[in-house]
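Just model-v9.cif here, mmCIF, C-alpha atoms and all ligand atoms; chains and numbers go by the auth columns:
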```cif
data_query
#
loop_
_atom_site.group_PDB
_atom_site.id
_atom_site.type_symbol
_atom_site.label_atom_id
_atom_site.label_comp_id
_atom_site.label_asym_id
_atom_site.label_seq_id
_atom_site.Cartn_x
_atom_site.Cartn_y
_atom_site.Cartn_z
_atom_site.B_iso_or_equiv
_atom_site.auth_seq_id
_atom_site.auth_asym_id
ATOM 1 C CA MET A 1 47.454 -113.405 209.658 0.00 29 D
ATOM 2 C CA THR A 2 46.754 -114.514 206.062 0.00 30 D
ATOM 3 C CA GLN A 3 47.150 -118.220 205.533 0.00 31 D
ATOM 4 C CA LEU A 4 49.531 -118.954 202.663 0.00 32 D
ATOM 5 C CA VAL A 5 48.780 -121.590 200.037 0.00 33 D
ATOM 6 C CA LYS A 6 51.539 -123.631 198.445 0.00 34 D
ATOM 7 C CA ILE A 7 51.306 -124.045 194.674 0.00 35 D
ATOM 8 C CA ALA A 8 53.530 -125.627 192.053 0.00 36 D
ATOM 9 C CA PHE A 9 53.228 -125.227 188.318 0.00 37 D
ATOM 10 C CA SER A 10 55.210 -125.028 185.111 0.00 38 D
ATOM 11 C CA LEU A 11 56.038 -121.470 184.041 0.00 39 D
ATOM 12 C CA ASN A 12 57.343 -121.143 180.507 0.00 40 D
ATOM 13 C CA GLY A 13 58.502 -124.745 180.638 0.00 41 D
ATOM 14 C CA ARG A 14 60.226 -124.589 184.043 0.00 42 D
ATOM 15 C CA PRO A 15 58.813 -125.976 187.280 0.00 43 D
ATOM 16 C CA VAL A 16 58.174 -123.314 189.934 0.00 44 D
ATOM 17 C CA GLU A 17 56.876 -123.484 193.481 0.00 45 D
ATOM 18 C CA THR A 18 55.723 -120.754 195.818 0.00 46 D
ATOM 19 C CA SER A 19 53.506 -119.953 198.799 0.00 47 D
ATOM 20 C CA ILE A 20 51.008 -117.153 198.299 0.00 48 D
ATOM 21 C CA PRO A 21 47.929 -115.549 199.837 0.00 49 D
ATOM 22 C CA PRO A 22 44.902 -117.303 198.272 0.00 50 D
ATOM 23 C CA ASN A 23 43.627 -114.096 196.641 0.00 51 D
ATOM 24 C CA THR A 24 46.824 -113.521 194.616 0.00 52 D
ATOM 25 C CA LEU A 25 46.110 -112.895 190.950 0.00 53 D
ATOM 26 C CA LEU A 26 48.084 -114.836 188.359 0.00 54 D
ATOM 27 C CA ILE A 27 49.222 -111.625 186.634 0.00 55 D
ATOM 28 C CA ASP A 28 50.728 -110.299 189.886 0.00 56 D
ATOM 29 C CA LEU A 29 52.483 -113.539 190.698 0.00 57 D
ATOM 30 C CA VAL A 30 54.002 -113.918 187.241 0.00 58 D
ATOM 31 C CA ARG A 31 55.034 -110.275 186.807 0.00 59 D
ATOM 32 C CA ASP A 32 56.057 -109.330 190.339 0.00 60 D
ATOM 33 C CA CYS A 33 57.395 -112.563 191.810 0.00 61 D
ATOM 34 C CA PHE A 34 58.755 -114.294 188.728 0.00 62 D
ATOM 35 C CA GLY A 35 59.701 -111.188 186.759 0.00 63 D
ATOM 36 C CA PHE A 36 58.000 -111.991 183.450 0.00 64 D
ATOM 37 C CA LYS A 37 56.907 -108.465 182.587 0.00 65 D
ATOM 38 C CA GLY A 38 55.856 -109.120 178.978 0.00 66 D
ATOM 39 C CA THR A 39 52.286 -109.648 180.182 0.00 67 D
ATOM 40 C CA LYS A 40 50.504 -106.297 180.193 0.00 68 D
ATOM 41 C CA ARG A 41 47.815 -105.030 182.515 0.00 69 D
ATOM 42 C CA SER A 42 45.165 -102.667 181.294 0.00 70 D
ATOM 43 C CA CYS A 43 41.452 -103.036 182.094 0.00 71 D
ATOM 44 C CA ASP A 44 41.753 -105.440 185.030 0.00 72 D
ATOM 45 C CA MET A 45 38.290 -106.777 184.197 0.00 73 D
ATOM 46 C CA GLU A 46 38.699 -109.406 181.466 0.00 74 D
ATOM 47 C CA VAL A 47 37.819 -107.075 178.611 0.00 75 D
ATOM 48 C CA CYS A 48 40.993 -106.081 176.744 0.00 76 D
ATOM 49 C CA GLY A 49 43.127 -109.245 176.547 0.00 77 D
ATOM 50 C CA ALA A 50 46.391 -107.396 177.275 0.00 78 D
ATOM 51 C CA CYS A 51 47.028 -109.771 180.176 0.00 79 D
ATOM 52 C CA THR A 52 46.482 -112.963 178.146 0.00 80 D
ATOM 53 C CA MET A 53 48.496 -116.006 179.192 0.00 81 D
ATOM 54 C CA LEU A 54 48.071 -119.615 178.159 0.00 82 D
ATOM 55 C CA LEU A 55 46.863 -121.979 180.863 0.00 83 D
ATOM 56 C CA ASP A 56 47.374 -125.545 179.692 0.00 84 D
ATOM 57 C CA GLY A 57 47.550 -124.127 176.170 0.00 85 D
ATOM 58 C CA GLU A 58 44.331 -122.103 176.236 0.00 86 D
ATOM 59 C CA PRO A 59 44.202 -118.285 176.418 0.00 87 D
ATOM 60 C CA ILE A 60 43.002 -116.853 179.735 0.00 88 D
ATOM 61 C CA SER A 61 42.856 -113.388 181.293 0.00 89 D
ATOM 62 C CA SER A 62 45.494 -113.455 184.000 0.00 90 D
ATOM 63 C CA CYS A 63 44.003 -110.295 185.566 0.00 91 D
ATOM 64 C CA THR A 64 40.967 -112.251 186.735 0.00 92 D
ATOM 65 C CA THR A 65 42.551 -115.672 187.267 0.00 93 D
ATOM 66 C CA LEU A 66 43.620 -116.665 190.752 0.00 94 D
ATOM 67 C CA ALA A 67 47.161 -117.943 190.897 0.00 95 D
ATOM 68 C CA VAL A 68 45.965 -120.940 192.929 0.00 96 D
ATOM 69 C CA ASP A 69 44.018 -122.054 189.844 0.00 97 D
ATOM 70 C CA ALA A 70 47.348 -122.509 188.056 0.00 98 D
ATOM 71 C CA ASP A 71 48.413 -125.166 190.568 0.00 99 D
ATOM 72 C CA GLN A 72 49.688 -128.261 188.706 0.00 100 D
ATOM 73 C CA CYS A 73 49.067 -126.530 185.351 0.00 101 D
ATOM 74 C CA GLU A 74 51.226 -125.225 182.543 0.00 102 D
ATOM 75 C CA VAL A 75 51.419 -121.417 182.333 0.00 103 D
ATOM 76 C CA THR A 76 52.899 -119.741 179.269 0.00 104 D
ATOM 77 C CA THR A 77 53.602 -116.035 178.825 0.00 105 D
ATOM 78 C CA ILE A 78 54.913 -114.166 175.812 0.00 106 D
ATOM 79 C CA GLU A 79 58.458 -114.933 176.996 0.00 107 D
ATOM 80 C CA GLY A 80 57.628 -118.631 176.764 0.00 108 D
ATOM 81 C CA VAL A 81 56.727 -118.477 173.066 0.00 109 D
ATOM 82 C CA THR A 82 59.604 -116.181 172.070 0.00 110 D
ATOM 83 C CA PRO A 83 62.723 -118.019 170.879 0.00 111 D
ATOM 84 C CA ALA A 84 65.973 -117.147 172.704 0.00 112 D
ATOM 85 C CA SER A 85 67.134 -115.334 169.607 0.00 113 D
ATOM 86 C CA GLY A 86 64.711 -113.929 167.052 0.00 114 D
ATOM 87 C CA MET A 87 60.961 -114.214 166.933 0.00 115 D
ATOM 88 C CA SER A 88 58.317 -116.892 166.596 0.00 116 D
ATOM 89 C CA ARG A 89 56.567 -117.137 163.221 0.00 117 D
ATOM 90 C CA VAL A 90 53.520 -115.411 164.705 0.00 118 D
ATOM 91 C CA GLN A 91 55.662 -112.516 165.920 0.00 119 D
ATOM 92 C CA GLU A 92 57.414 -112.307 162.542 0.00 120 D
ATOM 93 C CA ALA A 93 54.072 -112.205 160.730 0.00 121 D
ATOM 94 C CA PHE A 94 52.911 -109.337 162.978 0.00 122 D
ATOM 95 C CA VAL A 95 56.051 -107.373 162.120 0.00 123 D
ATOM 96 C CA VAL A 96 55.963 -108.135 158.388 0.00 124 D
ATOM 97 C CA HIS A 97 52.286 -107.129 158.102 0.00 125 D
ATOM 98 C CA GLY A 98 52.594 -103.986 160.219 0.00 126 D
ATOM 99 C CA ALA A 99 50.249 -105.404 162.862 0.00 127 D
ATOM 100 C CA ILE A 100 52.042 -103.525 165.644 0.00 128 D
ATOM 101 C CA GLN A 101 52.113 -99.883 166.627 0.00 129 D
ATOM 102 C CA CYS A 102 52.620 -99.222 170.335 0.00 130 D
ATOM 103 C CA GLY A 103 52.765 -102.972 170.909 0.00 131 D
ATOM 104 C CA PHE A 104 50.898 -102.878 174.225 0.00 132 D
ATOM 105 C CA CYS A 105 48.271 -105.334 173.031 0.00 133 D
ATOM 106 C CA THR A 106 50.732 -107.469 171.061 0.00 134 D
ATOM 107 C CA PRO A 107 51.784 -110.065 173.665 0.00 135 D
ATOM 108 C CA GLY A 108 48.119 -110.908 174.261 0.00 136 D
ATOM 109 C CA PHE A 109 47.366 -111.164 170.550 0.00 137 D
ATOM 110 C CA VAL A 110 50.459 -113.268 169.886 0.00 138 D
ATOM 111 C CA LEU A 111 49.478 -115.740 172.613 0.00 139 D
ATOM 112 C CA ALA A 112 45.870 -115.954 171.418 0.00 140 D
ATOM 113 C CA VAL A 113 47.001 -116.498 167.803 0.00 141 D
ATOM 114 C CA THR A 114 49.611 -119.040 168.891 0.00 142 D
ATOM 115 C CA ALA A 115 46.918 -121.019 170.721 0.00 143 D
ATOM 116 C CA LEU A 116 44.549 -120.776 167.756 0.00 144 D
ATOM 117 C CA LEU A 117 47.138 -121.993 165.239 0.00 145 D
ATOM 118 C CA ARG A 118 48.139 -124.891 167.484 0.00 146 D
ATOM 119 C CA ARG A 119 44.502 -125.938 167.529 0.00 147 D
ATOM 120 C CA ASN A 120 43.949 -125.283 163.831 0.00 148 D
ATOM 121 C CA PRO A 121 46.889 -124.227 161.615 0.00 149 D
ATOM 122 C CA ALA A 122 44.552 -123.007 158.868 0.00 150 D
ATOM 123 C CA PRO A 123 41.602 -121.332 160.623 0.00 151 D
ATOM 124 C CA THR A 124 38.681 -119.806 158.727 0.00 152 D
ATOM 125 C CA ASP A 125 37.861 -116.072 158.955 0.00 153 D
ATOM 126 C CA GLU A 126 35.042 -116.927 161.316 0.00 154 D
ATOM 127 C CA GLU A 127 37.348 -118.923 163.620 0.00 155 D
ATOM 128 C CA ILE A 128 39.912 -116.120 163.652 0.00 156 D
ATOM 129 C CA ARG A 129 37.241 -113.579 164.608 0.00 157 D
ATOM 130 C CA ARG A 130 35.855 -115.844 167.296 0.00 158 D
ATOM 131 C CA TYR A 131 39.266 -116.535 168.805 0.00 159 D
ATOM 132 C CA LEU A 132 40.340 -112.910 168.891 0.00 160 D
ATOM 133 C CA ARG A 133 37.170 -111.394 170.260 0.00 161 D
ATOM 134 C CA GLY A 134 38.767 -111.149 173.726 0.00 162 D
ATOM 135 C CA ASN A 135 41.696 -109.019 172.522 0.00 163 D
ATOM 136 C CA LEU A 136 41.465 -105.286 171.873 0.00 164 D
ATOM 137 C CA CYS A 137 43.898 -103.036 170.020 0.00 165 D
ATOM 138 C CA ARG A 138 43.599 -99.286 170.336 0.00 166 D
ATOM 139 C CA CYS A 139 46.059 -98.226 167.680 0.00 167 D
ATOM 140 C CA THR A 140 46.698 -100.711 164.878 0.00 168 D
ATOM 141 C CA GLY A 141 43.098 -101.641 164.181 0.00 169 D
ATOM 142 C CA TYR A 142 42.343 -105.192 163.183 0.00 170 D
ATOM 143 C CA ALA A 143 42.969 -105.289 159.417 0.00 171 D
ATOM 144 C CA LYS A 144 46.742 -105.699 159.747 0.00 172 D
ATOM 145 C CA ILE A 145 46.434 -108.216 162.540 0.00 173 D
ATOM 146 C CA TYR A 146 44.030 -110.125 160.344 0.00 174 D
ATOM 147 C CA GLU A 147 46.413 -110.041 157.401 0.00 175 D
ATOM 148 C CA ALA A 148 49.178 -111.426 159.608 0.00 176 D
ATOM 149 C CA ILE A 149 47.035 -114.337 160.759 0.00 177 D
ATOM 150 C CA LYS A 150 45.693 -115.007 157.262 0.00 178 D
ATOM 151 C CA SER A 151 49.253 -115.195 155.914 0.00 179 D
ATOM 152 C CA LEU A 152 50.050 -117.911 158.461 0.00 180 D
ATOM 153 C CA ALA A 153 46.831 -119.751 157.613 0.00 181 D
ATOM 154 C CA SER A 154 47.616 -119.646 153.874 0.00 182 D
ATOM 155 C CA GLU A 155 51.128 -120.951 154.537 0.00 183 D
ATOM 156 C CA ALA A 156 49.606 -123.885 156.398 0.00 184 D
ATOM 157 C CA ASN A 157 47.140 -124.500 153.550 0.00 185 D
ATOM 158 C CA ALA A 158 49.966 -124.395 150.997 0.00 186 D
ATOM 159 C CA ASN A 159 52.071 -126.830 153.036 0.00 187 D
ATOM 160 C CA ALA A 160 49.127 -129.200 153.352 0.00 188 D
ATOM 161 C CA ALA A 161 48.423 -129.140 149.590 0.00 189 D
HETATM 162 S S1 LIG B . 44.001 -106.475 181.808 0.00 201 D
HETATM 163 FE FE1 LIG B . 43.141 -108.443 181.809 0.00 201 D
HETATM 164 S S2 LIG B . 41.653 -108.417 180.240 0.00 201 D
HETATM 165 FE FE2 LIG B . 42.373 -106.371 180.360 0.00 201 D
HETATM 166 S S1 LIG B . 49.385 -101.796 168.868 0.00 202 D
HETATM 167 FE FE1 LIG B . 48.869 -100.330 170.398 0.00 202 D
HETATM 168 S S2 LIG B . 47.180 -101.181 171.408 0.00 202 D
HETATM 169 FE FE2 LIG B . 47.549 -102.517 169.797 0.00 202 D
#
```
Any chance you could give the structure as structure tokens?
Amino acid sequence: MTQLVKIAFSLNGRPVETSIPPNTLLIDLVRDCFGFKGTKRSCDMEVCGACTMLLDGEPISSCTTLAVDADQCEVTTIEGVTPASGMSRVQEAFVVHGAIQCGFCTPGFVLAVTALLRRNPAPTDEEIRRYLRGNLCRCTGYAKIYEAIKSLASEANANAA
């Protein structure tokens, strides 16, 4: 019989506790047990970024992260950065700049951009490229996504001036 491991962590700002087999992946726990389905699964091998979550504020691939590694940490999914009504400024910028088509990659991008802007509200082109290299989009391309992020960076620069 598989030994279960007890873990406790914060999920989108709420404390949760559960007992799981040690090989449970974070994406399965969050989607199937806690019902946060905004996280997408695609490559299952840490290539596409569709499954991005924030672990203690940093983007990670939840398809290759063991849920036990989230013990005592803060896990954030797209639901956790989406206001109860409306959209976050990152989500709004994606919409305004047409950075979404099918939207499958969008939760992962939004989380990566959210983490980047928390770290540096006015990132350089180089920093943006570096931060987003783990996220792939098959239909929008990257120009619109770039424009969306640049608009947020220029806002931050203008506010700082
Ligand atoms: S599904 Fe996790 S990186 Fe692609
Ligand atoms: S909008 Fe379809 S994969 Fe990015």
ask   = Which residues form the shell of 10 Å around ligand LIG 202 (chain D) when you count only C-alpha atoms and all ligand atoms, given as a list in words?
value =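 What falls inside 10 Å of ligand LIG 202 (chain D) is Cys76, Ala78, Gly126, Ala127, Ile128, Gln129, Cys130, Gly131, Phe132, Cys133, Thr134, Pro135, Gly136, Phe137, Asn163, Leu164, Cys165, Arg166, Cys167, Thr168, Gly169, Tyr170 and Ile173 of chain D.
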Nearest to D:Gln119 by atom-to-atom distance, counting all atoms listed in the file, from D:Leu53, D:Ile177, D:Asp97, D:Met29 =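 Looking only at the distances to D:Gln119, the closest residue turns out to be D:Ile177.
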message = I'd like to see the residues matched by the PyMOL selection byres (((chain D and resi 116) around 12) and not hetatm) on this file, and ideally I'd get them as an MDAnalysis selection string.
response = chainID D and resid 106:115 117:123 135 138:139 141:142 180
message = I want to know what sits within 10 Å of D:Ala36, based on all atoms listed in the file, with residues of the same chain fewer than 4 positions away left out; could you give that as an MDAnalysis selection string?
response = chainID D and resid 43:47 96 98:102
Determine, counting all atoms listed in the file, which protein, DNA and RNA residues have an atom within 9 Å of an atom of D:Thr52; residues of the same chain fewer than 5 positions away are not included. Present the result as a PDB file with C-alpha atoms, in the frame of the given file.
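Now in out01.pdb:
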```pdb
ATOM      1  CA  LEU D  57      52.483-113.539 190.698  1.00  0.00           C
ATOM      2  CA  THR D  93      42.551-115.672 187.267  1.00  0.00           C
ATOM      3  CA  LEU D  94      43.620-116.665 190.752  1.00  0.00           C
ATOM      4  CA  ALA D  95      47.161-117.943 190.897  1.00  0.00           C
ATOM      5  CA  VAL D  96      45.965-120.940 192.929  1.00  0.00           C
TER       6      VAL D  96
END
```
ask   = Which chains and residue numbers are within 8 Å of ligand LIG 201 (chain D), counting all atoms listed in the file, if I want them as a VMD selection string?
value = chain D and resid 68 to 80 89 to 92 162 to 163
Name the residues in contact with D:Arg147 at a cut-off of 12 Å, using all atoms listed in the file, excluding same-chain residues fewer than 6 positions from it; report them as a PDB file with C-alpha atoms, in the coordinates of the input.
```pdb
ATOM      1  CA  GLY D  85      47.550-124.127 176.170  1.00  0.00           C
ATOM      2  CA  GLU D  86      44.331-122.103 176.236  1.00  0.00           C
ATOM      3  CA  PRO D  87      44.202-118.285 176.418  1.00  0.00           C
ATOM      4  CA  ALA D 140      45.870-115.954 171.418  1.00  0.00           C
ATOM      5  CA  VAL D 141      47.001-116.498 167.803  1.00  0.00           C
ATOM      6  CA  GLU D 155      37.348-118.923 163.620  1.00  0.00           C
ATOM      7  CA  ILE D 156      39.912-116.120 163.652  1.00  0.00           C
ATOM      8  CA  TYR D 159      39.266-116.535 168.805  1.00  0.00           C
ATOM      9  CA  ALA D 181      46.831-119.751 157.613  1.00  0.00           C
TER      10      ALA D 181
END
```
Would you compute the box with edges along x, y and z of the file around stretch 96-102 of chain D, including every atom the file lists for it and 8 Å extra on each side, and give its centre and edge lengths in Å to one decimal, as AutoDock Vina command-line options?
```
--center_x 47.6 --center_y -124.6 --center_z 187.7 --size_x 23.2 --size_y 23.3 --size_z 26.4
```
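Taking all atoms listed in the file into account, D:Gly41 lies nearest to D:Thr104 out of the set D:Ala150, D:Thr104, D:Leu54, D:Gly66.
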Two-atom distance - atom CA of D:Val103, atom CA of D:Asn148 (Å) =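 Between atom CA of D:Val103 and atom CA of D:Asn148 the gap is 20.3 Å.
With only C-alpha atoms as the atoms that count, the residue of D:Glu175, D:Asn40, D:Thr105, D:Ser182 with the shortest distance to D:Pro151 is D:Ser182.
For the pair atom CA of D:Ile48 and atom CA of D:Val33, the interatomic distance is 5.3 Å.
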request  = Kindly indicate which residue among D:Asn51, D:Ser38, D:Ser179, D:Asn187 lies nearest to D:Asp84, using only C-alpha atoms for the distances.
outcome  =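 Answer, going by the shortest atom-to-atom distance: D:Ser38.
Comparing D:Leu160, D:Leu145, D:Leu83, D:Thr67 by their smallest distance to D:Asn185, the closest is D:Leu145 (using only C-alpha atoms).
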note = What separates atom CA of D:Leu32 and atom CA of D:Pro49 is a distance of 4.7 Å
request  = Give the answer as one residue: which of D:Ala171, D:Leu39, D:Val58, D:Ala184 has the shortest atom-to-atom distance to D:Arg146, using all atoms listed in the file?
outcome  =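 Counting all atoms listed in the file, the residue closest to D:Arg146 is D:Ala184.
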Kindly output stretch 68-91 of chain D as a PDB file, in the frame of the given file, after building N, CA, C and O atoms.
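Resulting contents of part_11.pdb:
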```pdb
ATOM      1  N   LYS D  68      50.924-107.665 179.891  1.00  0.00           N
ATOM      2  CA  LYS D  68      50.504-106.297 180.193  1.00  0.00           C
ATOM      3  C   LYS D  68      49.198-106.276 180.968  1.00  0.00           C
ATOM      4  O   LYS D  68      48.378-107.180 180.860  1.00  0.00           O
ATOM      5  N   ARG D  69      49.053-105.207 181.746  1.00  0.00           N
ATOM      6  CA  ARG D  69      47.815-105.030 182.515  1.00  0.00           C
ATOM      7  C   ARG D  69      47.146-103.766 182.013  1.00  0.00           C
ATOM      8  O   ARG D  69      47.802-102.747 181.856  1.00  0.00           O
ATOM      9  N   SER D  70      45.858-103.868 181.757  1.00  0.00           N
ATOM     10  CA  SER D  70      45.165-102.667 181.294  1.00  0.00           C
ATOM     11  C   SER D  70      43.823-102.513 181.995  1.00  0.00           C
ATOM     12  O   SER D  70      43.695-101.744 182.936  1.00  0.00           O
ATOM     13  N   CYS D  71      42.804-103.277 181.567  1.00  0.00           N
ATOM     14  CA  CYS D  71      41.452-103.036 182.094  1.00  0.00           C
ATOM     15  C   CYS D  71      41.221-103.667 183.461  1.00  0.00           C
ATOM     16  O   CYS D  71      40.372-103.207 184.217  1.00  0.00           O
ATOM     17  N   ASP D  72      41.937-104.732 183.756  1.00  0.00           N
ATOM     18  CA  ASP D  72      41.753-105.440 185.030  1.00  0.00           C
ATOM     19  C   ASP D  72      40.360-106.049 185.173  1.00  0.00           C
ATOM     20  O   ASP D  72      39.921-106.318 186.287  1.00  0.00           O
ATOM     21  N   MET D  73      39.629-106.200 184.082  1.00  0.00           N
ATOM     22  CA  MET D  73      38.290-106.777 184.197  1.00  0.00           C
ATOM     23  C   MET D  73      37.916-107.705 183.034  1.00  0.00           C
ATOM     24  O   MET D  73      36.768-107.798 182.658  1.00  0.00           O
ATOM     25  N   GLU D  74      38.938-108.381 182.483  1.00  0.00           N
ATOM     26  CA  GLU D  74      38.699-109.406 181.466  1.00  0.00           C
ATOM     27  C   GLU D  74      37.999-108.868 180.226  1.00  0.00           C
ATOM     28  O   GLU D  74      37.111-109.511 179.666  1.00  0.00           O
ATOM     29  N   VAL D  75      38.421-107.664 179.803  1.00  0.00           N
ATOM     30  CA  VAL D  75      37.819-107.075 178.611  1.00  0.00           C
ATOM     31  C   VAL D  75      38.839-106.908 177.481  1.00  0.00           C
ATOM     32  O   VAL D  75      38.531-107.170 176.318  1.00  0.00           O
ATOM     33  N   CYS D  76      40.071-106.515 177.807  1.00  0.00           N
ATOM     34  CA  CYS D  76      40.993-106.081 176.744  1.00  0.00           C
ATOM     35  C   CYS D  76      41.935-107.167 176.228  1.00  0.00           C
ATOM     36  O   CYS D  76      42.452-107.049 175.115  1.00  0.00           O
ATOM     37  N   GLY D  77      42.237-108.173 177.005  1.00  0.00           N
ATOM     38  CA  GLY D  77      43.127-109.245 176.547  1.00  0.00           C
ATOM     39  C   GLY D  77      44.613-108.938 176.652  1.00  0.00           C
ATOM     40  O   GLY D  77      45.446-109.765 176.286  1.00  0.00           O
ATOM     41  N   ALA D  78      44.968-107.739 177.161  1.00  0.00           N
ATOM     42  CA  ALA D  78      46.391-107.396 177.275  1.00  0.00           C
ATOM     43  C   ALA D  78      47.130-108.352 178.206  1.00  0.00           C
ATOM     44  O   ALA D  78      48.331-108.575 178.063  1.00  0.00           O
ATOM     45  N   CYS D  79      46.405-108.912 179.160  1.00  0.00           N
ATOM     46  CA  CYS D  79      47.028-109.771 180.176  1.00  0.00           C
ATOM     47  C   CYS D  79      46.956-111.254 179.815  1.00  0.00           C
ATOM     48  O   CYS D  79      47.174-112.107 180.678  1.00  0.00           O
ATOM     49  N   THR D  80      46.659-111.556 178.556  1.00  0.00           N
ATOM     50  CA  THR D  80      46.482-112.963 178.146  1.00  0.00           C
ATOM     51  C   THR D  80      47.714-113.816 178.451  1.00  0.00           C
ATOM     52  O   THR D  80      48.846-113.424 178.165  1.00  0.00           O
ATOM     53  N   MET D  81      47.480-114.950 179.049  1.00  0.00           N
ATOM     54  CA  MET D  81      48.496-116.006 179.192  1.00  0.00           C
ATOM     55  C   MET D  81      47.844-117.286 178.693  1.00  0.00           C
ATOM     56  O   MET D  81      46.620-117.331 178.501  1.00  0.00           O
ATOM     57  N   LEU D  82      48.645-118.307 178.481  1.00  0.00           N
ATOM     58  CA  LEU D  82      48.071-119.615 178.159  1.00  0.00           C
ATOM     59  C   LEU D  82      48.093-120.473 179.413  1.00  0.00           C
ATOM     60  O   LEU D  82      49.129-120.556 180.098  1.00  0.00           O
ATOM     61  N   LEU D  83      46.956-121.050 179.734  1.00  0.00           N
ATOM     62  CA  LEU D  83      46.863-121.979 180.863  1.00  0.00           C
ATOM     63  C   LEU D  83      46.537-123.341 180.261  1.00  0.00           C
ATOM     64  O   LEU D  83      45.466-123.510 179.652  1.00  0.00           O
ATOM     65  N   ASP D  84      47.492-124.250 180.378  1.00  0.00           N
ATOM     66  CA  ASP D  84      47.374-125.545 179.692  1.00  0.00           C
ATOM     67  C   ASP D  84      47.034-125.342 178.212  1.00  0.00           C
ATOM     68  O   ASP D  84      46.175-126.032 177.644  1.00  0.00           O
ATOM     69  N   GLY D  85      47.675-124.343 177.611  1.00  0.00           N
ATOM     70  CA  GLY D  85      47.550-124.127 176.170  1.00  0.00           C
ATOM     71  C   GLY D  85      46.393-123.269 175.716  1.00  0.00           C
ATOM     72  O   GLY D  85      46.306-122.912 174.548  1.00  0.00           O
ATOM     73  N   GLU D  86      45.493-122.907 176.632  1.00  0.00           N
ATOM     74  CA  GLU D  86      44.331-122.103 176.236  1.00  0.00           C
ATOM     75  C   GLU D  86      44.472-120.678 176.766  1.00  0.00           C
ATOM     76  O   GLU D  86      44.923-120.469 177.906  1.00  0.00           O
ATOM     77  N   PRO D  87      44.081-119.671 175.960  1.00  0.00           N
ATOM     78  CA  PRO D  87      44.202-118.285 176.418  1.00  0.00           C
ATOM     79  C   PRO D  87      43.275-117.984 177.593  1.00  0.00           C
ATOM     80  O   PRO D  87      42.112-118.368 177.586  1.00  0.00           O
ATOM     81  N   ILE D  88      43.823-117.292 178.596  1.00  0.00           N
ATOM     82  CA  ILE D  88      43.002-116.853 179.735  1.00  0.00           C
ATOM     83  C   ILE D  88      43.410-115.415 180.090  1.00  0.00           C
ATOM     84  O   ILE D  88      44.495-114.968 179.736  1.00  0.00           O
ATOM     85  N   SER D  89      42.525-114.725 180.791  1.00  0.00           N
ATOM     86  CA  SER D  89      42.856-113.388 181.293  1.00  0.00           C
ATOM     87  C   SER D  89      43.513-113.559 182.651  1.00  0.00           C
ATOM     88  O   SER D  89      42.852-113.968 183.613  1.00  0.00           O
ATOM     89  N   SER D  90      44.799-113.240 182.726  1.00  0.00           N
ATOM     90  CA  SER D  90      45.494-113.455 184.000  1.00  0.00           C
ATOM     91  C   SER D  90      45.119-112.405 185.037  1.00  0.00           C
ATOM     92  O   SER D  90      45.429-112.555 186.209  1.00  0.00           O
ATOM     93  N   CYS D  91      44.408-111.337 184.609  1.00  0.00           N
ATOM     94  CA  CYS D  91      44.003-110.295 185.566  1.00  0.00           C
ATOM     95  C   CYS D  91      42.806-110.730 186.400  1.00  0.00           C
ATOM     96  O   CYS D  91      42.479-110.085 187.395  1.00  0.00           O
TER      97      CYS D  91
END
```
